[in-house]
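Notes for the one structure printed next.
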Amino acid sequence: MAPSTDPSIWNQQIAVPAEVISYVDDAVTKLMPEGTKVKSIVAYGSSYWARTARIDTLDADKNDVSYFMKVHLGEAGYKLVLGEFHSMNTLWSVMPEIVAKPYGYGSYEKMDDVHFFLCSFHNLTGNIPDLGDFPARIAELHGRQVSPDGKFGFPYQSFGGRLPQFFPVTDSWEETFTSGMQFVFDSEENTQGYDEDMARLEKDIIEKVIPRLIRPLETGPQKIQPRLVHGDLWDGNCSVDVNTNRPVIFDATCLWAHNEYELGPWQPERHEMSRPYIEEYTKHFPKSEPREDFDDRVLLYSMRFNLHASSLYPGNYMFRDIAREDMRKLVGKFPGGYEAWSNQQQSV
C-alpha cells in the first residue's frame, strides 16, 4: 500500500544486504532452463522488505532472456518466498497470459539463510492497466476455474508486504473471511496499539456485519463458489508490458475466495484503479446475490485492506482512521446483523 508519512520509519536501509544480489547463486541458476548462461545481475525495482534484481542471460539458443528475483533473509524470508511462489504458480496455472511466470524459489548455496523467488522479467510501463481491458481480464480470471476441492482459503501462508495473512481452508467463505479479518484486526492492534473505539467496532463487525453481508451469499439459491483471486490487486501490483502491451500482475497473495473480494483495493479513491474499474468489472462478472448488498460488501472487503495497510506502517494512523469511518458506517447500517435480515426475509 502507500508508505508512512513519517520519514523516520522508512528512511532506513533495507534489512537485506546488497551483497545478496552482487552475484547469481548456483541455487538460482539451477532453476533456469538447461543451457542458460548468466550475463549479469543488477539491482532492479524497489521494495521495503527485500532486495530485488534483474538477471540477464542467454538461453541455449543464444536468445536474450531476463529474470526477476526477490531475496529475503531468515525463517520469515523463507516463508515469504514459499508463499509468493505458490500464489504466483497457482495464478499462472489458471491464466498465464497476464501473470509473471514463476520459475521457483529456494535457498542460496553460498550464503546462509538467504532465500529467493525467481520469475520472468517484464519491462513495464509503470502505468496501471487500461480501464477498457483490465477489469474484463480479471473477470475472466475469476470465471476460468473454481476451487478444485470446493473449499475457500489457501493452503500456503502468504504475505502482504512483510506481514503474514491468514485465510484457512474451509468449506465456508464466511468462516475463512472471518478468520482472516480477526487476524488482521489483531495485527493492526499490535502495530498501532489498543483503541477502545476500534475494539468496540471490531466486535460488531465480527458478530454483526460479517454474518449479515457474507452469510446470505452462501444460504441463497445462487450460492457463491470459491474463485481464484490475486488477493492484493492494487495499483502497485500490476502494470503493462512495454513489449506486448498486455497487463501483467505480480506480488500475489492469492486465495480461493468470493470473487468480489478482489474489488476491495479498487474502492479507495486514493488509488488510480478505483470505482470506475469496479463498475467495468461488473459488466463482465455479475454482482452476487443479494445484489443490493454489493456496495456494502465491497466496502467491507476494502476495510480489510485498509486495516492491513495500517498494520504495516507503525505511527501512521491514516489507514486506521479510514477503516474506522468505514466500520462506523457498516455497523450503523446493520445493527441487527444477520438475524434481523433473516427475519425480514421470512416476513416478506
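The way I read the labels, and the way they are meant: chains A, B, ... in the order of the C-alpha cells, residue 1 as the first residue of every chain, and ligand 1 as the first ligand shown, with later ones counted on from there.
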Stretch 86-123 of chain A near stretch 20-41 of chain A within 12 Å: what's each residue's closest atom pair and its distance in Å to one decimal, counting only C-alpha atoms, ordered by chain then ascending residue number, as a Markdown table?
| residue | atom | partner | partner_atom | distance |
| --- | --- | --- | --- | --- |
| A:Pro102 | CA | A:Leu31 | CA | 10.1 |
| A:Tyr103 | CA | A:Leu31 | CA | 6.4 |
| A:Gly104 | CA | A:Leu31 | CA | 6.4 |
| A:Tyr105 | CA | A:Val28 | CA | 8.0 |
| A:Gly106 | CA | A:Ala27 | CA | 6.9 |
| A:Ser107 | CA | A:Ala27 | CA | 6.7 |
| A:Tyr108 | CA | A:Ala27 | CA | 5.5 |
| A:Glu109 | CA | A:Ala27 | CA | 6.0 |
| A:Lys110 | CA | A:Asp25 | CA | 6.8 |
| A:Met111 | CA | A:Val20 | CA | 8.1 |
| A:Asp112 | CA | A:Val20 | CA | 10.5 |
| A:Asp113 | CA | A:Val20 | CA | 10.8 |
| A:Val114 | CA | A:Val20 | CA | 7.7 |
| A:His115 | CA | A:Val20 | CA | 9.5 |
| A:Phe116 | CA | A:Val28 | CA | 7.9 |
| A:Phe117 | CA | A:Val28 | CA | 8.7 |
| A:Leu118 | CA | A:Val28 | CA | 7.6 |
| A:Cys119 | CA | A:Met32 | CA | 9.8 |
| A:Ser120 | CA | A:Met32 | CA | 10.4 |
How close does stretch 200-265 of chain A get to stretch 126-143 of chain A? List, as CSV, each residue of stretch 200-265 of chain A within 10 Å, its nearest atom pair and the distance in Å to one decimal, counting only C-alpha atoms.
residue,atom,partner,partner_atom,distance
A:Pro226,CA,A:His142,CA,9.1
A:Arg227,CA,A:His142,CA,5.5
A:Leu228,CA,A:His142,CA,5.8
A:Val229,CA,A:His142,CA,6.6
A:His230,CA,A:Ile138,CA,9.0
A:Leu233,CA,A:Ile138,CA,9.8
A:Trp234,CA,A:Ile128,CA,9.2
A:Asp235,CA,A:Ile128,CA,6.1
A:Gly236,CA,A:Ile128,CA,8.2
A:Asn237,CA,A:Ile128,CA,9.1
A:Cys238,CA,A:Ile128,CA,6.5
A:Ser239,CA,A:Ile128,CA,4.8
A:Val240,CA,A:Pro129,CA,5.7
A:Asp241,CA,A:Gly126,CA,8.9
A:Val242,CA,A:Gly126,CA,9.2
A:Asn245,CA,A:Pro129,CA,9.1
A:Arg246,CA,A:Pro129,CA,8.0
A:Pro247,CA,A:Pro129,CA,5.6
A:Val248,CA,A:Pro129,CA,8.2
A:Ile249,CA,A:Pro129,CA,9.6
A:Trp256,CA,A:His142,CA,9.6
A:Ala257,CA,A:His142,CA,9.6
A:His258,CA,A:His142,CA,9.3
A:Asn259,CA,A:His142,CA,6.3
A:Glu260,CA,A:His142,CA,9.4
A:Glu262,CA,A:Ile138,CA,8.9
A:Leu263,CA,A:Pro135,CA,9.8
Closest to A:Asp251 among A:Pro168, A:Pro286, A:Pro314, A:Gly83, using only C-alpha atoms?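 Once distances to A:Asp251 are computed over only C-alpha atoms, the minimum belongs to A:Gly83.
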Non-local contacts of A:Tyr338 (9 Å; only C-alpha atoms; under 5 positions in same chain excluded) as an NGL selection string: :A and (208-213 or 215-216 or 343)
Could you jot down the atom CA of A:Leu299 to atom CA of A:Pro265 separation for me, Å, one decimal place?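 That distance, rounded to one decimal, is 9.6 Å.
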Find the residues around A:Trp49 up to 9 Å (only C-alpha atoms counted), leave out those fewer than 5 positions away in its own chain, and share them as a list in words.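 Non-adjacent residues within range: Ile14, Ala15, Val16, His72, Gly161 and Arg162 of chain A.
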Please, could you write that set of residues out with N, CA, C and O atoms as a PDB file, in the first residue's frame?
ATOM      1  N   ILE A  14      17.331  -1.108   3.592  1.00  0.00           N
ATOM      2  CA  ILE A  14      16.638  -2.396   3.610  1.00  0.00           C
ATOM      3  C   ILE A  14      17.432  -3.372   4.467  1.00  0.00           C
ATOM      4  O   ILE A  14      18.665  -3.415   4.409  1.00  0.00           O
ATOM      5  N   ALA A  15      16.714  -4.162   5.259  1.00  0.00           N
ATOM      6  CA  ALA A  15      17.382  -5.087   6.180  1.00  0.00           C
ATOM      7  C   ALA A  15      18.190  -6.159   5.459  1.00  0.00           C
ATOM      8  O   ALA A  15      19.096  -6.758   6.029  1.00  0.00           O
ATOM      9  N   VAL A  16      17.862  -6.413   4.190  1.00  0.00           N
ATOM     10  CA  VAL A  16      18.582  -7.420   3.407  1.00  0.00           C
ATOM     11  C   VAL A  16      19.812  -6.760   2.768  1.00  0.00           C
ATOM     12  O   VAL A  16      19.677  -5.778   2.039  1.00  0.00           O
ATOM     13  N   HIS A  72      15.159 -12.551   0.311  1.00  0.00           N
ATOM     14  CA  HIS A  72      14.819 -12.293   1.706  1.00  0.00           C
ATOM     15  C   HIS A  72      15.782 -13.057   2.616  1.00  0.00           C
ATOM     16  O   HIS A  72      16.487 -13.961   2.170  1.00  0.00           O
ATOM     17  N   GLY A 161       3.221  -7.485   1.951  1.00  0.00           N
ATOM     18  CA  GLY A 161       4.401  -6.802   2.462  1.00  0.00           C
ATOM     19  C   GLY A 161       5.196  -7.772   3.323  1.00  0.00           C
ATOM     20  O   GLY A 161       5.449  -8.907   2.940  1.00  0.00           O
ATOM     21  N   ARG A 162       5.543  -7.345   4.535  1.00  0.00           N
ATOM     22  CA  ARG A 162       6.328  -8.192   5.429  1.00  0.00           C
ATOM     23  C   ARG A 162       5.473  -8.994   6.395  1.00  0.00           C
ATOM     24  O   ARG A 162       5.998  -9.775   7.194  1.00  0.00           O
TER      25      ARG A 162
END
From A:Arg328, A:Trp341, A:Phe319, A:Asp197, residue lying nearest A:Arg270 [only C-alpha atoms]: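 Nearest candidate to A:Arg270 out of A:Arg328, A:Trp341, A:Phe319, A:Asp197: A:Phe319.
From atom CA of A:Asn123 back to atom CA of A:Cys254, the distance works out to 23.2 Å.
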Quick one: residues within 12 Å of A:Lys101, only C-alpha atoms counted, chain neighbours fewer than 6 positions away excluded, as a list in words?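 Once the adjacent positions are removed, what remains is Ser66, Tyr67, Phe68, Met69, Glu84, Phe85, His86, Ser87, Met88, Asn89, Thr90, Leu91, Trp92, Ser93, Val94, Met95, Phe117, Leu118, Cys119, Ser120, Phe121, His122, Val248, Ile249, Phe250, Asp251 and Ala252 of chain A.
Distances from A:Ile55, A:Ile322, A:Leu217, A:Val99 to A:Ala309 were compared using only C-alpha atoms, and the smallest one belongs to A:Ile322.
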Could you write out, as a PDB file with all heavy atoms, in the first residue's frame, all the residues of stretch 126-274 of chain A that DSSP marks as strand (DSSP E or B)?
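The resulting file, selection_7.pdb, is reproduced below:
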ATOM      1  N   VAL A 146     -13.088 -22.786 -10.629  1.00  0.00           N
ATOM      2  CA  VAL A 146     -13.440 -22.750  -9.218  1.00  0.00           C
ATOM      3  C   VAL A 146     -12.477 -23.667  -8.473  1.00  0.00           C
ATOM      4  O   VAL A 146     -11.773 -24.475  -9.076  1.00  0.00           O
ATOM      5  CB  VAL A 146     -14.904 -23.183  -8.974  1.00  0.00           C
ATOM      6  CG1 VAL A 146     -15.864 -22.242  -9.678  1.00  0.00           C
ATOM      7  CG2 VAL A 146     -15.132 -24.622  -9.436  1.00  0.00           C
ATOM      8  N   PHE A 152     -12.726 -22.815   0.301  1.00  0.00           N
ATOM      9  CA  PHE A 152     -12.209 -21.452   0.314  1.00  0.00           C
ATOM     10  C   PHE A 152     -10.881 -21.415   1.079  1.00  0.00           C
ATOM     11  O   PHE A 152     -10.556 -22.334   1.828  1.00  0.00           O
ATOM     12  CB  PHE A 152     -13.211 -20.513   0.992  1.00  0.00           C
ATOM     13  CG  PHE A 152     -14.500 -20.341   0.241  1.00  0.00           C
ATOM     14  CD1 PHE A 152     -15.584 -21.184   0.470  1.00  0.00           C
ATOM     15  CD2 PHE A 152     -14.641 -19.332  -0.700  1.00  0.00           C
ATOM     16  CE1 PHE A 152     -16.780 -21.031  -0.219  1.00  0.00           C
ATOM     17  CE2 PHE A 152     -15.830 -19.176  -1.401  1.00  0.00           C
ATOM     18  CZ  PHE A 152     -16.900 -20.023  -1.157  1.00  0.00           C
ATOM     19  N   GLY A 153     -10.125 -20.314   0.877  1.00  0.00           N
ATOM     20  CA  GLY A 153      -8.853 -20.162   1.578  1.00  0.00           C
ATOM     21  C   GLY A 153      -7.678 -20.541   0.699  1.00  0.00           C
ATOM     22  O   GLY A 153      -7.794 -20.663  -0.530  1.00  0.00           O
ATOM     23  N   PHE A 159       1.938 -13.481   2.236  1.00  0.00           N
ATOM     24  CA  PHE A 159       2.342 -12.277   2.961  1.00  0.00           C
ATOM     25  C   PHE A 159       1.944 -11.042   2.166  1.00  0.00           C
ATOM     26  O   PHE A 159       2.162 -10.975   0.953  1.00  0.00           O
ATOM     27  CB  PHE A 159       3.859 -12.254   3.182  1.00  0.00           C
ATOM     28  CG  PHE A 159       4.337 -13.216   4.228  1.00  0.00           C
ATOM     29  CD1 PHE A 159       4.354 -14.580   3.973  1.00  0.00           C
ATOM     30  CD2 PHE A 159       4.779 -12.776   5.459  1.00  0.00           C
ATOM     31  CE1 PHE A 159       4.792 -15.481   4.928  1.00  0.00           C
ATOM     32  CE2 PHE A 159       5.221 -13.654   6.420  1.00  0.00           C
ATOM     33  CZ  PHE A 159       5.231 -15.015   6.158  1.00  0.00           C
ATOM     34  N   GLY A 160       1.389 -10.065   2.860  1.00  0.00           N
ATOM     35  CA  GLY A 160       1.158  -8.752   2.291  1.00  0.00           C
ATOM     36  C   GLY A 160       2.243  -7.836   2.811  1.00  0.00           C
ATOM     37  O   GLY A 160       2.247  -7.471   3.982  1.00  0.00           O
ATOM     38  N   LEU A 163       4.145  -8.800   6.361  1.00  0.00           N
ATOM     39  CA  LEU A 163       3.279  -9.410   7.365  1.00  0.00           C
ATOM     40  C   LEU A 163       2.477 -10.579   6.793  1.00  0.00           C
ATOM     41  O   LEU A 163       1.960 -10.498   5.677  1.00  0.00           O
ATOM     42  CB  LEU A 163       2.319  -8.368   7.941  1.00  0.00           C
ATOM     43  CG  LEU A 163       2.968  -7.223   8.727  1.00  0.00           C
ATOM     44  CD1 LEU A 163       1.898  -6.251   9.207  1.00  0.00           C
ATOM     45  CD2 LEU A 163       3.778  -7.751   9.905  1.00  0.00           C
ATOM     46  N   PRO A 164       2.356 -11.637   7.583  1.00  0.00           N
ATOM     47  CA  PRO A 164       1.592 -12.797   7.124  1.00  0.00           C
ATOM     48  C   PRO A 164       0.100 -12.513   7.061  1.00  0.00           C
ATOM     49  O   PRO A 164      -0.410 -11.615   7.742  1.00  0.00           O
ATOM     50  CB  PRO A 164       1.902 -13.865   8.178  1.00  0.00           C
ATOM     51  CG  PRO A 164       2.207 -13.083   9.416  1.00  0.00           C
ATOM     52  CD  PRO A 164       2.917 -11.846   8.938  1.00  0.00           C
ATOM     53  N   THR A 170     -11.418 -23.771   4.360  1.00  0.00           N
ATOM     54  CA  THR A 170     -12.670 -24.204   4.976  1.00  0.00           C
ATOM     55  C   THR A 170     -13.720 -24.421   3.883  1.00  0.00           C
ATOM     56  O   THR A 170     -13.508 -24.088   2.714  1.00  0.00           O
ATOM     57  CB  THR A 170     -13.213 -23.167   5.980  1.00  0.00           C
ATOM     58  OG1 THR A 170     -13.810 -22.076   5.268  1.00  0.00           O
ATOM     59  CG2 THR A 170     -12.124 -22.646   6.912  1.00  0.00           C
ATOM     60  N   ARG A 227     -13.601 -18.734  -6.006  1.00  0.00           N
ATOM     61  CA  ARG A 227     -12.894 -18.332  -7.218  1.00  0.00           C
ATOM     62  C   ARG A 227     -11.469 -17.924  -6.865  1.00  0.00           C
ATOM     63  O   ARG A 227     -11.201 -17.387  -5.789  1.00  0.00           O
ATOM     64  CB  ARG A 227     -13.607 -17.144  -7.869  1.00  0.00           C
ATOM     65  CG  ARG A 227     -15.076 -17.385  -8.177  1.00  0.00           C
ATOM     66  CD  ARG A 227     -15.263 -18.234  -9.394  1.00  0.00           C
ATOM     67  NE  ARG A 227     -16.672 -18.443  -9.728  1.00  0.00           N
ATOM     68  CZ  ARG A 227     -17.107 -19.026 -10.836  1.00  0.00           C
ATOM     69  NH1 ARG A 227     -16.229 -19.461 -11.733  1.00  0.00           N
ATOM     70  NH2 ARG A 227     -18.391 -19.186 -11.062  1.00  0.00           N
ATOM     71  N   LEU A 228     -10.555 -18.120  -7.800  1.00  0.00           N
ATOM     72  CA  LEU A 228      -9.172 -17.733  -7.565  1.00  0.00           C
ATOM     73  C   LEU A 228      -9.018 -16.227  -7.726  1.00  0.00           C
ATOM     74  O   LEU A 228      -9.361 -15.669  -8.773  1.00  0.00           O
ATOM     75  CB  LEU A 228      -8.240 -18.449  -8.536  1.00  0.00           C
ATOM     76  CG  LEU A 228      -6.749 -18.192  -8.312  1.00  0.00           C
ATOM     77  CD1 LEU A 228      -6.293 -18.751  -6.968  1.00  0.00           C
ATOM     78  CD2 LEU A 228      -5.927 -18.802  -9.448  1.00  0.00           C
ATOM     79  N   VAL A 229      -8.503 -15.561  -6.690  1.00  0.00           N
ATOM     80  CA  VAL A 229      -8.255 -14.124  -6.743  1.00  0.00           C
ATOM     81  C   VAL A 229      -6.773 -13.861  -6.515  1.00  0.00           C
ATOM     82  O   VAL A 229      -6.085 -14.636  -5.846  1.00  0.00           O
ATOM     83  CB  VAL A 229      -9.093 -13.350  -5.703  1.00  0.00           C
ATOM     84  CG1 VAL A 229     -10.585 -13.562  -5.940  1.00  0.00           C
ATOM     85  CG2 VAL A 229      -8.729 -13.743  -4.270  1.00  0.00           C
ATOM     86  N   CYS A 238       0.362  -4.391 -10.416  1.00  0.00           N
ATOM     87  CA  CYS A 238       0.050  -4.688 -11.818  1.00  0.00           C
ATOM     88  C   CYS A 238       0.553  -3.537 -12.678  1.00  0.00           C
ATOM     89  O   CYS A 238       0.733  -2.419 -12.199  1.00  0.00           O
ATOM     90  CB  CYS A 238      -1.456  -4.889 -12.027  1.00  0.00           C
ATOM     91  SG  CYS A 238      -2.460  -3.465 -11.553  1.00  0.00           S
ATOM     92  N   SER A 239       0.803  -3.824 -13.930  1.00  0.00           N
ATOM     93  CA  SER A 239       1.223  -2.786 -14.867  1.00  0.00           C
ATOM     94  C   SER A 239       1.011  -3.329 -16.271  1.00  0.00           C
ATOM     95  O   SER A 239       0.250  -4.288 -16.468  1.00  0.00           O
ATOM     96  CB  SER A 239       2.688  -2.376 -14.628  1.00  0.00           C
ATOM     97  OG  SER A 239       3.031  -1.242 -15.390  1.00  0.00           O
ATOM     98  N   VAL A 240       1.699  -2.716 -17.238  1.00  0.00           N
ATOM     99  CA  VAL A 240       1.549  -3.104 -18.634  1.00  0.00           C
ATOM    100  C   VAL A 240       2.934  -3.407 -19.209  1.00  0.00           C
ATOM    101  O   VAL A 240       3.884  -2.640 -19.021  1.00  0.00           O
ATOM    102  CB  VAL A 240       0.881  -1.981 -19.448  1.00  0.00           C
ATOM    103  CG1 VAL A 240       0.767  -2.381 -20.921  1.00  0.00           C
ATOM    104  CG2 VAL A 240      -0.489  -1.652 -18.878  1.00  0.00           C
ATOM    105  N   ASP A 241       3.058  -4.542 -19.908  1.00  0.00           N
ATOM    106  CA  ASP A 241       4.315  -4.932 -20.533  1.00  0.00           C
ATOM    107  C   ASP A 241       4.600  -4.020 -21.737  1.00  0.00           C
ATOM    108  O   ASP A 241       3.759  -3.877 -22.623  1.00  0.00           O
ATOM    109  CB  ASP A 241       4.233  -6.394 -20.977  1.00  0.00           C
ATOM    110  CG  ASP A 241       5.562  -6.942 -21.450  1.00  0.00           C
ATOM    111  OD1 ASP A 241       6.054  -6.467 -22.496  1.00  0.00           O
ATOM    112  OD2 ASP A 241       6.109  -7.847 -20.789  1.00  0.00           O
ATOM    113  N   PRO A 247      -1.510  -6.436 -19.924  1.00  0.00           N
ATOM    114  CA  PRO A 247      -1.357  -6.264 -18.478  1.00  0.00           C
ATOM    115  C   PRO A 247      -0.580  -7.420 -17.866  1.00  0.00           C
ATOM    116  O   PRO A 247      -0.630  -8.552 -18.379  1.00  0.00           O
ATOM    117  CB  PRO A 247      -2.803  -6.238 -17.961  1.00  0.00           C
ATOM    118  CG  PRO A 247      -3.599  -6.930 -19.009  1.00  0.00           C
ATOM    119  CD  PRO A 247      -2.909  -6.662 -20.317  1.00  0.00           C
ATOM    120  N   VAL A 248       0.144  -7.123 -16.802  1.00  0.00           N
ATOM    121  CA  VAL A 248       0.889  -8.132 -16.062  1.00  0.00           C
ATOM    122  C   VAL A 248       0.566  -7.946 -14.581  1.00  0.00           C
ATOM    123  O   VAL A 248       0.596  -6.820 -14.071  1.00  0.00           O
ATOM    124  CB  VAL A 248       2.414  -8.006 -16.274  1.00  0.00           C
ATOM    125  CG1 VAL A 248       3.148  -9.107 -15.517  1.00  0.00           C
ATOM    126  CG2 VAL A 248       2.758  -8.046 -17.747  1.00  0.00           C
ATOM    127  N   ILE A 249       0.264  -9.041 -13.897  1.00  0.00           N
ATOM    128  CA  ILE A 249       0.006  -8.978 -12.462  1.00  0.00           C
ATOM    129  C   ILE A 249       1.093  -9.758 -11.729  1.00  0.00           C
ATOM    130  O   ILE A 249       1.625 -10.741 -12.241  1.00  0.00           O
ATOM    131  CB  ILE A 249      -1.399  -9.506 -12.091  1.00  0.00           C
ATOM    132  CG1 ILE A 249      -1.595 -10.970 -12.486  1.00  0.00           C
ATOM    133  CG2 ILE A 249      -2.476  -8.652 -12.756  1.00  0.00           C
ATOM    134  CD1 ILE A 249      -2.957 -11.540 -12.068  1.00  0.00           C
ATOM    135  N   LEU A 255      -5.814 -16.547  -3.039  1.00  0.00           N
ATOM    136  CA  LEU A 255      -6.642 -17.479  -2.279  1.00  0.00           C
ATOM    137  C   LEU A 255      -7.887 -17.764  -3.097  1.00  0.00           C
ATOM    138  O   LEU A 255      -8.195 -17.049  -4.058  1.00  0.00           O
ATOM    139  CB  LEU A 255      -7.028 -16.905  -0.910  1.00  0.00           C
ATOM    140  CG  LEU A 255      -7.941 -15.674  -0.874  1.00  0.00           C
ATOM    141  CD1 LEU A 255      -8.795 -15.687   0.397  1.00  0.00           C
ATOM    142  CD2 LEU A 255      -7.121 -14.392  -0.912  1.00  0.00           C
ATOM    143  N   TRP A 256      -8.580 -18.809  -2.710  1.00  0.00           N
ATOM    144  CA  TRP A 256      -9.890 -19.117  -3.273  1.00  0.00           C
ATOM    145  C   TRP A 256     -10.906 -18.376  -2.420  1.00  0.00           C
ATOM    146  O   TRP A 256     -11.004 -18.600  -1.219  1.00  0.00           O
ATOM    147  CB  TRP A 256     -10.136 -20.614  -3.272  1.00  0.00           C
ATOM    148  CG  TRP A 256      -9.131 -21.363  -4.104  1.00  0.00           C
ATOM    149  CD1 TRP A 256      -7.989 -21.966  -3.664  1.00  0.00           C
ATOM    150  CD2 TRP A 256      -9.164 -21.558  -5.515  1.00  0.00           C
ATOM    151  NE1 TRP A 256      -7.303 -22.535  -4.715  1.00  0.00           N
ATOM    152  CE2 TRP A 256      -8.007 -22.298  -5.871  1.00  0.00           C
ATOM    153  CE3 TRP A 256     -10.057 -21.178  -6.533  1.00  0.00           C
ATOM    154  CZ2 TRP A 256      -7.732 -22.667  -7.178  1.00  0.00           C
ATOM    155  CZ3 TRP A 256      -9.771 -21.550  -7.836  1.00  0.00           C
ATOM    156  CH2 TRP A 256      -8.625 -22.290  -8.153  1.00  0.00           C
ATOM    157  N   ALA A 257     -11.659 -17.481  -3.058  1.00  0.00           N
ATOM    158  CA  ALA A 257     -12.468 -16.531  -2.306  1.00  0.00           C
ATOM    159  C   ALA A 257     -13.747 -16.199  -3.064  1.00  0.00           C
ATOM    160  O   ALA A 257     -13.973 -16.648  -4.190  1.00  0.00           O
ATOM    161  CB  ALA A 257     -11.661 -15.253  -2.065  1.00  0.00           C
TER     162      ALA A 257
END
Do you know which residues are at most 8 Å from A:Ser302 counting only C-alpha atoms, after dropping those on the same chain fewer than 3 positions away, and could you put them as a VMD selection string? chain A and resid 263 to 268 298 to 299 305 to 306
Report, in Å to a single decimal, how far apart atom CA of A:Tyr261 and atom CA of A:Ser158 are. 16.0 Å
